[in-house]
file my_file-v2.txt (compact mmCIF, C-alpha atoms)
# COMPACT_ATOMS: atom_id res chain seq x y z
CA MET A 25 12.91 2.32 21.68
CA THR A 26 10.41 -0.49 21.15
CA SER A 27 11.94 -3.60 19.66
CA ILE A 28 10.30 -4.73 16.43
CA GLY A 29 9.30 -8.35 16.69
CA GLY A 30 11.78 -9.34 19.40
CA ALA A 31 15.49 -9.12 18.65
CA GLY A 32 16.65 -6.01 16.93
CA THR A 33 18.61 -7.77 14.20
CA SER A 34 17.63 -10.42 11.70
CA GLY A 35 20.84 -11.26 9.86
CA MET A 36 20.56 -9.14 6.74
CA VAL A 37 18.72 -6.20 8.33
CA ASP A 38 18.94 -4.51 11.72
CA TRP A 39 15.25 -3.73 11.98
CA ASN A 40 15.46 -1.62 15.12
CA LEU A 41 18.16 0.50 13.52
CA ALA A 42 15.87 0.94 10.50
CA VAL A 43 13.17 2.31 12.82
CA ALA A 44 15.62 4.57 14.66
CA THR A 45 17.09 5.91 11.43
CA ALA A 46 13.74 6.58 9.79
CA THR A 47 12.34 8.23 12.90
CA ARG A 48 15.39 10.48 13.19
CA LEU A 49 15.42 11.49 9.51
CA VAL A 50 11.72 11.86 8.77
CA ARG A 51 10.68 15.44 8.14
CA PRO A 52 8.62 17.16 10.81
CA GLY A 53 4.93 17.38 10.14
CA PRO A 54 2.94 20.56 9.60
CA ASP A 55 2.71 23.11 12.38
CA VAL A 56 -0.30 21.99 14.41
CA GLY A 57 -1.12 23.07 17.96
CA ARG A 58 -2.01 20.53 20.64
CA ASP A 59 -5.72 21.35 20.63
CA GLU A 60 -5.90 21.25 16.84
CA ALA A 61 -4.04 17.93 16.77
CA ARG A 62 -6.54 16.42 19.18
CA ALA A 63 -9.40 17.73 17.06
CA VAL A 64 -7.88 16.23 13.89
CA VAL A 65 -7.47 12.83 15.54
CA ALA A 66 -11.03 12.88 16.86
CA GLU A 67 -12.45 13.87 13.49
CA LEU A 68 -10.51 11.16 11.64
CA ARG A 69 -11.85 8.56 14.05
CA ARG A 70 -15.41 9.82 13.50
CA HIS A 71 -14.95 9.79 9.74
CA ALA A 72 -13.50 6.28 9.82
CA LYS A 73 -16.54 5.05 11.71
CA ALA A 74 -18.97 6.86 9.43
CA SER A 75 -17.14 5.51 6.37
CA GLU A 76 -17.95 1.95 7.42
CA GLU A 77 -21.66 2.51 6.85
CA HIS A 78 -21.17 4.49 3.64
CA VAL A 79 -18.84 1.89 2.08
CA ARG A 80 -20.94 -1.11 3.14
CA ALA A 81 -24.11 0.43 1.74
CA TYR A 82 -22.47 1.38 -1.55
CA THR A 83 -20.46 -1.81 -2.21
CA ARG A 84 -23.01 -4.33 -0.88
CA MET A 85 -20.07 -6.63 -0.10
CA ILE A 86 -21.25 -7.46 3.43
CA PRO A 87 -24.65 -9.17 3.67
CA GLU A 88 -27.16 -7.54 5.99
CA GLY A 89 -26.95 -8.96 9.50
CA HIS A 90 -23.43 -10.28 8.98
CA GLU A 91 -20.67 -8.65 11.00
CA PRO A 92 -17.12 -9.25 9.70
CA PRO A 93 -14.09 -9.57 11.99
CA ASP A 94 -13.22 -6.30 13.69
CA THR A 95 -9.90 -4.65 12.92
CA PRO A 96 -8.56 -1.59 14.73
CA VAL A 97 -8.39 1.90 13.27
CA LEU A 98 -5.24 3.70 14.41
CA VAL A 99 -4.60 7.41 13.89
CA VAL A 100 -0.81 7.64 13.89
CA ASP A 101 1.99 10.10 13.34
CA ARG A 102 4.88 9.50 10.95
CA ALA A 103 6.90 7.60 13.55
CA GLY A 104 3.93 5.33 14.20
CA TRP A 105 3.61 4.58 10.49
CA ILE A 106 7.32 3.72 10.35
CA LYS A 107 7.09 1.27 13.27
CA ALA A 108 4.02 -0.42 11.82
CA ASN A 109 5.57 -0.86 8.38
CA VAL A 110 8.89 -2.15 9.65
CA ALA A 111 6.96 -4.81 11.57
CA GLY A 112 5.03 -5.69 8.40
CA PHE A 113 8.15 -5.77 6.21
CA ARG A 114 9.87 -8.05 8.68
CA GLU A 115 6.91 -10.42 8.67
CA LEU A 116 6.87 -10.70 4.88
CA LEU A 117 10.62 -10.61 4.15
CA THR A 118 11.91 -13.01 6.80
CA PRO A 119 11.86 -16.06 4.45
CA LEU A 120 13.74 -14.17 1.70
CA LEU A 121 16.29 -12.66 4.06
CA GLY A 122 16.83 -16.03 5.74
CA LYS A 123 17.57 -17.55 2.35
CA MET A 124 20.01 -14.76 1.51
CA GLN A 125 21.66 -15.16 4.92
CA GLU A 126 22.26 -18.86 4.25
CA ARG A 127 24.00 -18.01 0.98
CA ARG A 128 26.19 -15.44 2.66
CA SER A 129 27.10 -17.75 5.57
CA ALA A 130 29.31 -19.79 3.24
CA VAL A 131 31.59 -16.78 2.76
CA PRO A 132 34.67 -16.68 5.05
CA GLY A 133 34.29 -14.03 7.75
CA SER A 134 30.54 -13.85 7.15
CA ALA A 135 29.72 -13.40 10.85
CA VAL A 136 31.58 -10.09 11.05
CA LEU A 137 30.39 -8.99 7.62
CA GLY A 138 26.82 -9.93 8.56
CA ALA A 139 26.82 -7.82 11.70
CA VAL A 140 28.16 -4.82 9.82
CA GLY A 141 25.99 -5.43 6.76
CA GLY A 142 22.83 -5.73 8.83
CA LYS A 143 23.43 -2.30 10.34
CA VAL A 144 24.26 -0.75 6.97
CA THR A 145 21.09 -2.20 5.43
CA GLY A 146 19.08 -1.08 8.46
CA VAL A 147 20.28 2.50 7.95
CA GLU A 148 19.51 2.38 4.23
CA LEU A 149 16.05 0.93 4.77
CA GLY A 150 15.46 3.61 7.39
CA MET A 151 16.35 6.32 4.88
CA LEU A 152 13.79 4.99 2.41
CA LEU A 153 11.10 4.73 5.07
CA SER A 154 11.78 8.29 6.19
CA PHE A 155 11.00 9.40 2.63
CA LEU A 156 7.79 7.38 2.37
CA ALA A 157 6.57 8.23 5.87
CA SER A 158 5.80 11.81 4.92
CA ARG A 159 3.78 10.79 1.83
CA ILE A 160 1.34 8.07 2.92
CA LEU A 161 -2.11 9.35 3.90
CA GLY A 162 -3.61 6.07 5.00
CA GLN A 163 -3.01 2.36 4.68
CA TYR A 164 -4.80 -0.87 5.41
CA GLU A 165 -2.10 -3.17 6.72
CA THR A 166 -3.07 -6.61 5.54
CA PHE A 167 -0.09 -8.37 7.14
CA ALA A 168 0.13 -6.63 10.48
CA PRO A 169 1.73 -8.40 13.45
CA ALA A 170 0.54 -6.88 16.70
CA THR A 171 3.10 -5.06 18.86
CA CYS A 172 2.78 -3.65 22.35
CA ASP A 173 1.80 -0.22 21.02
CA LEU A 174 0.26 -1.19 17.65
CA PRO A 175 -2.68 -3.59 18.03
CA ALA A 176 -3.97 -5.66 15.12
CA GLY A 177 -7.06 -7.72 14.43
CA ALA A 178 -7.46 -11.21 15.87
CA ASN A 179 -6.09 -14.26 14.07
CA GLY A 180 -3.81 -12.32 11.77
CA ALA A 181 -6.39 -9.75 10.67
CA GLY A 182 -5.06 -6.34 9.75
CA ARG A 183 -5.38 -2.77 10.95
CA LEU A 184 -6.21 0.56 9.36
CA LEU A 185 -3.68 3.36 9.71
CA LEU A 186 -4.52 7.03 9.13
CA VAL A 187 -1.43 9.25 9.13
CA ALA A 188 -2.76 12.48 10.60
CA PRO A 189 0.15 14.89 9.87
CA ASN A 190 0.27 13.85 6.21
CA ILE A 191 -3.47 14.32 5.77
CA VAL A 192 -3.24 17.81 7.28
CA HIS A 193 -0.23 18.62 5.09
CA VAL A 194 -1.97 17.65 1.85
CA GLU A 195 -5.29 19.33 2.65
CA ARG A 196 -3.39 22.56 3.30
CA GLU A 197 -1.28 22.18 0.16
CA LEU A 198 -4.36 21.60 -2.00
CA GLU A 199 -6.33 24.34 -0.21
CA VAL A 200 -9.43 22.16 0.13
CA SER A 201 -12.00 21.76 2.90
CA PRO A 202 -10.31 19.86 5.76
CA HIS A 203 -13.59 18.22 6.79
CA ASP A 204 -14.32 17.00 3.26
CA PHE A 205 -10.77 15.88 2.54
CA ARG A 206 -10.46 13.85 5.73
CA LEU A 207 -13.71 12.03 5.04
CA TRP A 208 -12.68 11.44 1.42
CA VAL A 209 -9.42 9.81 2.52
CA CYS A 210 -11.25 7.68 5.09
CA LEU A 211 -13.66 6.42 2.41
CA HIS A 212 -10.74 5.13 0.34
CA GLU A 213 -9.02 3.39 3.23
CA GLU A 214 -12.24 1.98 4.66
CA THR A 215 -12.91 0.38 1.28
CA HIS A 216 -9.63 -1.52 1.63
CA ARG A 217 -10.62 -2.63 5.12
CA THR A 218 -13.99 -3.81 3.79
CA GLN A 219 -12.32 -5.73 0.96
CA PHE A 220 -10.29 -7.84 3.36
CA THR A 221 -12.85 -8.25 6.15
CA ALA A 222 -15.69 -9.13 3.77
CA VAL A 223 -13.60 -11.56 1.67
CA PRO A 224 -12.04 -14.01 4.15
CA TRP A 225 -9.87 -15.84 1.60
CA LEU A 226 -8.30 -12.71 0.12
CA ARG A 227 -5.58 -12.19 2.73
CA ASP A 228 -4.39 -15.80 2.61
CA HIS A 229 -4.44 -15.76 -1.19
CA LEU A 230 -2.29 -12.64 -1.35
CA GLN A 231 0.10 -13.91 1.30
CA GLY A 232 0.50 -17.19 -0.58
CA GLU A 233 1.29 -15.39 -3.83
CA ILE A 234 3.81 -13.09 -2.14
CA GLN A 235 5.56 -15.93 -0.33
CA THR A 236 5.74 -17.96 -3.54
CA PHE A 237 7.24 -14.93 -5.26
CA LEU A 238 9.84 -14.51 -2.53
CA ALA A 239 10.62 -18.24 -2.41
CA ALA A 240 11.44 -18.11 -6.13
CA THR A 241 13.90 -15.26 -5.57
CA ASP A 242 17.51 -16.14 -6.25
CA VAL A 243 19.33 -12.86 -5.87
CA ASP A 244 22.84 -12.26 -4.64
CA PRO A 245 22.73 -10.55 -1.21
CA GLY A 246 25.27 -7.96 -2.30
CA THR A 247 23.16 -7.02 -5.33
CA PHE A 248 20.03 -6.65 -3.22
CA VAL A 249 21.84 -4.46 -0.71
CA GLU A 250 23.38 -2.41 -3.51
CA ARG A 251 19.92 -1.62 -4.86
CA LEU A 252 18.91 -0.36 -1.40
CA ARG A 253 22.11 1.67 -1.32
CA GLU A 254 21.28 3.30 -4.67
CA ALA A 255 17.88 4.29 -3.34
CA ALA A 256 19.43 5.74 -0.20
CA GLN A 257 22.02 7.64 -2.24
CA THR A 258 19.21 9.14 -4.29
CA LEU A 259 17.79 10.58 -1.09
CA ALA A 260 21.20 12.09 -0.36
CA GLY A 261 21.21 13.89 -3.69
CA GLY A 262 22.62 11.29 -6.07
CA ARG A 263 20.70 9.64 -8.88
CA PRO A 264 20.56 5.88 -9.50
CA GLU A 265 21.68 5.23 -13.04
CA GLY A 266 21.73 2.17 -15.25
CA GLU A 267 23.56 1.82 -18.53
CA GLU A 268 23.82 4.92 -20.71
CA GLY A 269 22.14 7.10 -18.12
CA GLU A 270 18.93 5.08 -17.90
CA PRO A 271 17.27 4.84 -14.48
CA ALA A 272 18.21 1.76 -12.48
CA PRO A 273 15.73 -1.13 -12.34
CA SER A 274 13.22 -1.08 -9.53
CA LEU A 275 13.64 -3.36 -6.53
CA VAL A 276 10.80 -5.49 -7.89
CA GLU A 277 12.36 -5.76 -11.36
CA LEU A 278 15.64 -6.80 -9.80
CA VAL A 279 14.36 -10.12 -8.47
CA GLN A 280 12.16 -11.33 -11.33
CA SER A 281 12.59 -14.80 -12.81
CA PRO A 282 10.15 -16.13 -15.44
CA GLU A 283 8.17 -17.79 -12.64
CA GLN A 284 8.17 -14.54 -10.68
CA ARG A 285 7.00 -12.51 -13.66
CA GLU A 286 3.95 -14.76 -13.86
CA ILE A 287 3.25 -14.36 -10.15
CA LEU A 288 3.88 -10.62 -10.34
CA GLY A 289 1.36 -10.38 -13.17
CA ARG A 290 -1.29 -11.91 -10.93
CA LEU A 291 -0.32 -9.69 -8.00
CA THR A 292 -0.42 -6.61 -10.22
CA ALA A 293 -3.94 -7.50 -11.36
CA VAL A 294 -5.16 -7.99 -7.79
CA MET A 295 -3.56 -4.76 -6.55
CA SER A 296 -5.02 -2.88 -9.53
CA LEU A 297 -8.44 -4.27 -8.63
CA LEU A 298 -8.14 -3.31 -4.96
CA GLU A 299 -6.80 0.19 -5.59
CA GLY A 300 -9.17 0.90 -8.45
CA HIS A 301 -12.15 -0.36 -6.45
CA ALA A 302 -11.20 1.93 -3.56
CA ASP A 303 -10.95 4.93 -5.88
CA TYR A 304 -14.27 4.04 -7.53
CA VAL A 305 -16.06 3.70 -4.19
CA MET A 306 -14.47 6.85 -2.81
CA ASP A 307 -15.77 8.86 -5.75
CA GLY A 308 -19.10 7.03 -5.88
CA VAL A 309 -19.94 7.72 -2.25
CA GLY A 310 -18.33 11.14 -2.36
CA PRO A 311 -21.11 13.24 -3.95
CA GLN A 312 -23.55 12.14 -1.24
CA VAL A 313 -21.38 13.00 1.75
CA VAL A 314 -18.43 15.10 0.49
CA PRO A 315 -19.76 18.32 -1.04
CA SER A 316 -16.45 19.36 -2.61
CA VAL A 317 -15.50 15.90 -3.93
CA ALA A 318 -15.07 17.10 -7.54
CA GLU A 319 -12.62 19.82 -6.53
CA ILE A 320 -10.70 17.44 -4.25
CA ARG A 321 -10.43 14.75 -6.93
CA GLU A 322 -9.22 17.19 -9.58
CA LYS A 323 -6.55 18.73 -7.36
CA PHE A 324 -5.46 15.40 -5.88
CA GLN A 325 -5.14 13.72 -9.27
CA ALA A 326 -2.98 16.58 -10.51
CA ARG A 327 -0.77 16.29 -7.43
CA ARG A 328 -0.51 12.51 -7.77
CA ALA A 329 0.43 12.74 -11.45
CA ARG A 330 3.13 15.36 -11.21
CA GLY A 331 4.92 14.20 -8.06
CA ALA A 332 6.78 16.66 -5.90
CA SER A 333 10.20 16.77 -7.57
CA ARG A 334 12.83 15.06 -9.69
CA LEU A 335 13.75 13.14 -6.53
CA ASP A 336 10.20 11.81 -6.29
CA LEU A 337 10.32 10.63 -9.90
CA ALA A 338 13.63 8.80 -9.40
CA LEU A 339 12.44 7.06 -6.25
CA ARG A 340 9.08 6.17 -7.78
CA LYS A 341 10.94 4.25 -10.46
CA LEU A 342 13.40 2.64 -8.09
CA LEU A 343 10.76 1.53 -5.59
CA GLY A 344 8.17 0.60 -8.23
CA LEU A 345 5.80 3.38 -7.11
CA ASP A 346 5.16 4.45 -10.71
CA ALA A 347 3.50 1.07 -11.20
CA LYS A 348 1.25 1.78 -8.20
CA LEU A 349 0.02 4.99 -9.83
CA ARG A 350 -0.95 3.01 -12.93
CA GLN A 351 -2.80 0.55 -10.69
CA TYR A 352 -5.10 3.30 -9.42
CA ARG A 353 -5.92 4.43 -12.94
CA ASP A 354 -6.23 1.05 -14.68
CA GLY A 355 -8.10 -0.58 -11.80
CA GLU A 356 -10.64 2.21 -11.53
CA ARG A 357 -11.36 1.96 -15.27
CA PHE A 358 -11.89 -1.80 -14.93
CA VAL A 359 -14.31 -1.44 -12.00
CA ARG A 360 -16.25 1.35 -13.67
CA ALA A 361 -16.62 -0.57 -16.93
CA VAL A 362 -17.78 -3.75 -15.21
CA VAL A 363 -20.28 -1.97 -12.94
CA ASP A 364 -21.65 -0.08 -15.96
CA GLN A 365 -22.22 -3.37 -17.77
CA VAL A 366 -23.42 -5.77 -15.05
CA GLY A 367 -24.15 -3.60 -12.00
CA MET A 368 -22.61 -3.65 -8.54
CA ASP A 369 -23.88 -7.13 -7.65
CA GLY A 370 -22.52 -8.42 -10.95
CA PHE A 371 -19.16 -6.82 -10.25
CA ASN A 372 -19.12 -8.40 -6.79
CA ARG A 373 -18.73 -11.81 -8.37
CA VAL A 374 -15.08 -10.82 -8.51
CA TRP A 375 -14.87 -11.68 -4.78
CA THR A 376 -16.20 -15.25 -5.18
CA SER A 377 -12.83 -17.03 -5.28
CA PRO A 378 -9.27 -16.61 -6.58
CA ASN A 379 -10.53 -17.97 -9.92
CA THR A 380 -12.88 -15.01 -10.38
CA LEU A 381 -10.20 -12.37 -9.84
CA PRO A 382 -9.29 -10.56 -13.04
CA THR A 383 -6.07 -11.38 -14.82
CA LYS A 384 -3.62 -8.64 -15.76
CA SER A 385 -4.91 -8.70 -19.35
CA GLU A 386 -8.55 -8.56 -18.17
CA ILE A 387 -7.83 -5.42 -16.13
CA ALA A 388 -7.08 -3.77 -19.49
CA ALA A 389 -10.04 -5.52 -21.20
CA PRO A 390 -13.00 -5.66 -18.75
CA ALA A 391 -15.27 -7.24 -21.39
CA ASP A 392 -13.04 -10.32 -21.33
CA TRP A 393 -13.56 -10.72 -17.57
CA ILE A 394 -17.31 -10.31 -17.99
CA ALA A 395 -17.31 -12.93 -20.74
CA ARG A 396 -15.29 -15.39 -18.67
CA VAL A 397 -17.01 -14.97 -15.30
CA HIS A 398 -20.60 -14.04 -16.22
CA ARG A 399 -21.32 -15.87 -19.42
CA LYS A 400 -19.68 -19.05 -18.12
CA ALA A 401 -21.60 -18.85 -14.85
CA ASP A 402 -24.90 -17.96 -16.54
CA SER A 403 -24.70 -20.55 -19.32

call {"tool": "encode", "arguments": {"input": "my_file-v2.txt", "output": "structure tokens"}}
result
Amino acid sequence: MTSIGGAGTSGMVDWNLAVATATRLVRPGPDVGRDEARAVVAELRRHAKASEEHVRAYTRMIPEGHEPPDTPVLVVDRAGWIKANVAGFRELLTPLLGKMQERRSAVPGSAVLGAVGGKVTGVELGMLLSFLASRILGQYETFAPATCDLPAGANGAGRLLLVAPNIVHVERELEVSPHDFRLWVCLHEETHRTQFTAVPWLRDHLQGEIQTFLAATDVDPGTFVERLREAAQTLAGGRPEGEEGEPAPSLVELVQSPEQREILGRLTAVMSLLEGHADYVMDGVGPQVVPSVAEIREKFQARRARGASRLDLALRKLLGLDAKLRQYRDGERFVRAVVDQVGMDGFNRVWTSPNTLPTKSEIAAPADWIARVHRKADS
């Protein structure tokens, strides 16, 4: 098995064991023959390339004649998605886990407990990833360290992942045109790639916010691991419960201080903008190139809203995925309202600097963002 980022363990988490566990437990993909699989991969690559032109023309984020840094497009299976995300998690979480490891090192017998605990946490993280790996259609990995089998863009640039078996699974479940659905998904993910390649400061800004959030975390290692354990137990058929039968807090809610809540508010606004913008572009381009876009959107929205089961609902809460669903909806409303008022070029002022990003309150009140950014700039 390929080692993730060097040594297999990193104190609090055995990362290689997380990969092995997730890969072993992830559900098999849909029944696809070898020739069909090759055709799916080839079509997704074609759609990804075509989406570049569609998204650039529609968003006008990249000036004519300017070519942004290239980032790879990888069509992966579920195991490939797992490996890529473990590498990304390790990159982002190393400062937090190092801090937690220092706290635990003061406990007598911590070396033995650490070795055992790292494996336990690796297994539990693997269980969660096995659940998510069958649900993600595509993903632009902003913080993507290159590995021997997963290349990334130069100088820390990201990579675009398209998870072929999941795309095939959903298109069959929704009974929609495979050709149209695959292009529709690629339009969404290509928008994310365009956001980060066209706006050079965006990646560093997000990384700074996340690292500041993690640096402010002061959580007991046992409590953090227990929250992972509750999530893993949910997958095994249990249900995480708080007081009086209420669902347990999400992993994000667990580590919030007042300083973190402020940072999280800014991160939530940015993620709402990015997700909503991708949905807006996907549907804006769609009628021109995806004949059945209205049918796909209606069926996909219904699927997204209802979830697959009670288990999905419990894990959405625990992992904070219910907040992500709100980000799609609220962000798309913000983008649509701003474009309606000031046009696409007026909306694109949002990418000028961190100061022109919308706040969490402005996502809910687009007129306030317009007043702050446009009237101030035009006065």

call {"tool": "closest_residue", "arguments": {"input": "my_file-v2.txt", "among": "A:Thr380, A:Thr145, A:Thr83, A:Ser75", "to": "A:Glu214", "atoms": "all atoms listed in the file"}}
result
A:Ser75

call {"tool": "closest_residue", "arguments": {"input": "my_file-v2.txt", "among": "A:Arg102, A:Lys384, A:Arg290, A:Arg285", "to": "A:Val50", "atoms": "all atoms listed in the file"}}
result
A:Arg102

call {"tool": "residues_around", "arguments": {"input": "my_file-v2.txt", "residues": "A:Arg353", "least_positions_apart": "6", "cutoff": "9 Å", "atoms": "all atoms listed in the file", "output": "ChimeraX atom specification"}}
result
/A:296,299-300,303

call {"tool": "residues_around", "arguments": {"input": "my_file-v2.txt", "residues": "A:Phe324", "least_positions_apart": "4", "cutoff": "8 Å", "atoms": "only C-alpha atoms", "output": "list in words"}}
result
Leu198, Ile320 and Arg328 of chain A

call {"tool": "residues_around", "arguments": {"input": "my_file-v2.txt", "residues": "A:His203", "least_positions_apart": "6", "cutoff": "12 Å", "atoms": "all atoms listed in the file", "output": "compact mmCIF listing (two decimals) with C-alpha atoms, keeping the file's coordinate frame"}}
result
# COMPACT_ATOMS: atom_id res chain seq x y z
CA ALA A 63 -9.40 17.73 17.06
CA VAL A 64 -7.88 16.23 13.89
CA VAL A 65 -7.47 12.83 15.54
CA ALA A 66 -11.03 12.88 16.86
CA GLU A 67 -12.45 13.87 13.49
CA LEU A 68 -10.51 11.16 11.64
CA ARG A 70 -15.41 9.82 13.50
CA HIS A 71 -14.95 9.79 9.74
CA ILE A 191 -3.47 14.32 5.77
CA VAL A 192 -3.24 17.81 7.28
CA GLU A 195 -5.29 19.33 2.65
CA ARG A 196 -3.39 22.56 3.30
CA VAL A 209 -9.42 9.81 2.52
CA CYS A 210 -11.25 7.68 5.09
CA VAL A 313 -21.38 13.00 1.75
CA VAL A 314 -18.43 15.10 0.49
CA PRO A 315 -19.76 18.32 -1.04
CA SER A 316 -16.45 19.36 -2.61
CA VAL A 317 -15.50 15.90 -3.93
CA ILE A 320 -10.70 17.44 -4.25

call {"tool": "atom_distance", "arguments": {"input": "my_file-v2.txt", "atom1": "atom CA of A:Val110", "atom2": "atom CA of A:Thr218"}}
result
23.7 Å

call {"tool": "closest_residue", "arguments": {"input": "my_file-v2.txt", "among": "A:Tyr304, A:Phe155, A:Phe220, A:Phe237", "to": "A:Pro52", "atoms": "all atoms listed in the file"}}
result
A:Phe155

call {"tool": "atom_distance", "arguments": {"input": "my_file-v2.txt", "atom1": "atom CA of A:Ser154", "atom2": "atom CA of A:Thr45"}}
result
7.8 Å

call {"tool": "build_atoms", "arguments": {"input": "my_file-v2.txt", "residues": "stretch 296-307 of chain A", "atoms": "N, CA and C atoms", "output": "compact mmCIF listing (two decimals), keeping the file's coordinate frame"}}
result
# COMPACT_ATOMS: atom_id res chain seq x y z
N SER A 296 -4.28 -3.84 -8.69
CA SER A 296 -5.02 -2.88 -9.53
C SER A 296 -6.50 -2.91 -9.20
N LEU A 297 -7.04 -4.13 -9.01
CA LEU A 297 -8.44 -4.27 -8.63
C LEU A 297 -8.72 -3.58 -7.30
N LEU A 298 -7.89 -3.85 -6.29
CA LEU A 298 -8.14 -3.31 -4.96
C LEU A 298 -8.02 -1.80 -4.94
N GLU A 299 -6.99 -1.27 -5.58
CA GLU A 299 -6.80 0.19 -5.59
C GLU A 299 -7.87 0.87 -6.43
N GLY A 300 -8.16 0.30 -7.59
CA GLY A 300 -9.17 0.90 -8.45
C GLY A 300 -10.55 0.86 -7.82
N HIS A 301 -10.86 -0.24 -7.14
CA HIS A 301 -12.15 -0.36 -6.45
C HIS A 301 -12.27 0.70 -5.36
N ALA A 302 -11.18 0.92 -4.62
CA ALA A 302 -11.20 1.93 -3.56
C ALA A 302 -11.41 3.32 -4.13
N ASP A 303 -10.75 3.63 -5.24
CA ASP A 303 -10.95 4.93 -5.88
C ASP A 303 -12.39 5.07 -6.38
N TYR A 304 -12.90 4.00 -6.99
CA TYR A 304 -14.27 4.04 -7.53
C TYR A 304 -15.29 4.28 -6.41
N VAL A 305 -15.14 3.56 -5.31
CA VAL A 305 -16.06 3.70 -4.19
C VAL A 305 -15.94 5.08 -3.57
N MET A 306 -14.71 5.54 -3.40
CA MET A 306 -14.47 6.85 -2.81
C MET A 306 -15.20 7.94 -3.61
N ASP A 307 -15.12 7.85 -4.93
CA ASP A 307 -15.77 8.86 -5.75
C ASP A 307 -17.27 8.61 -5.89
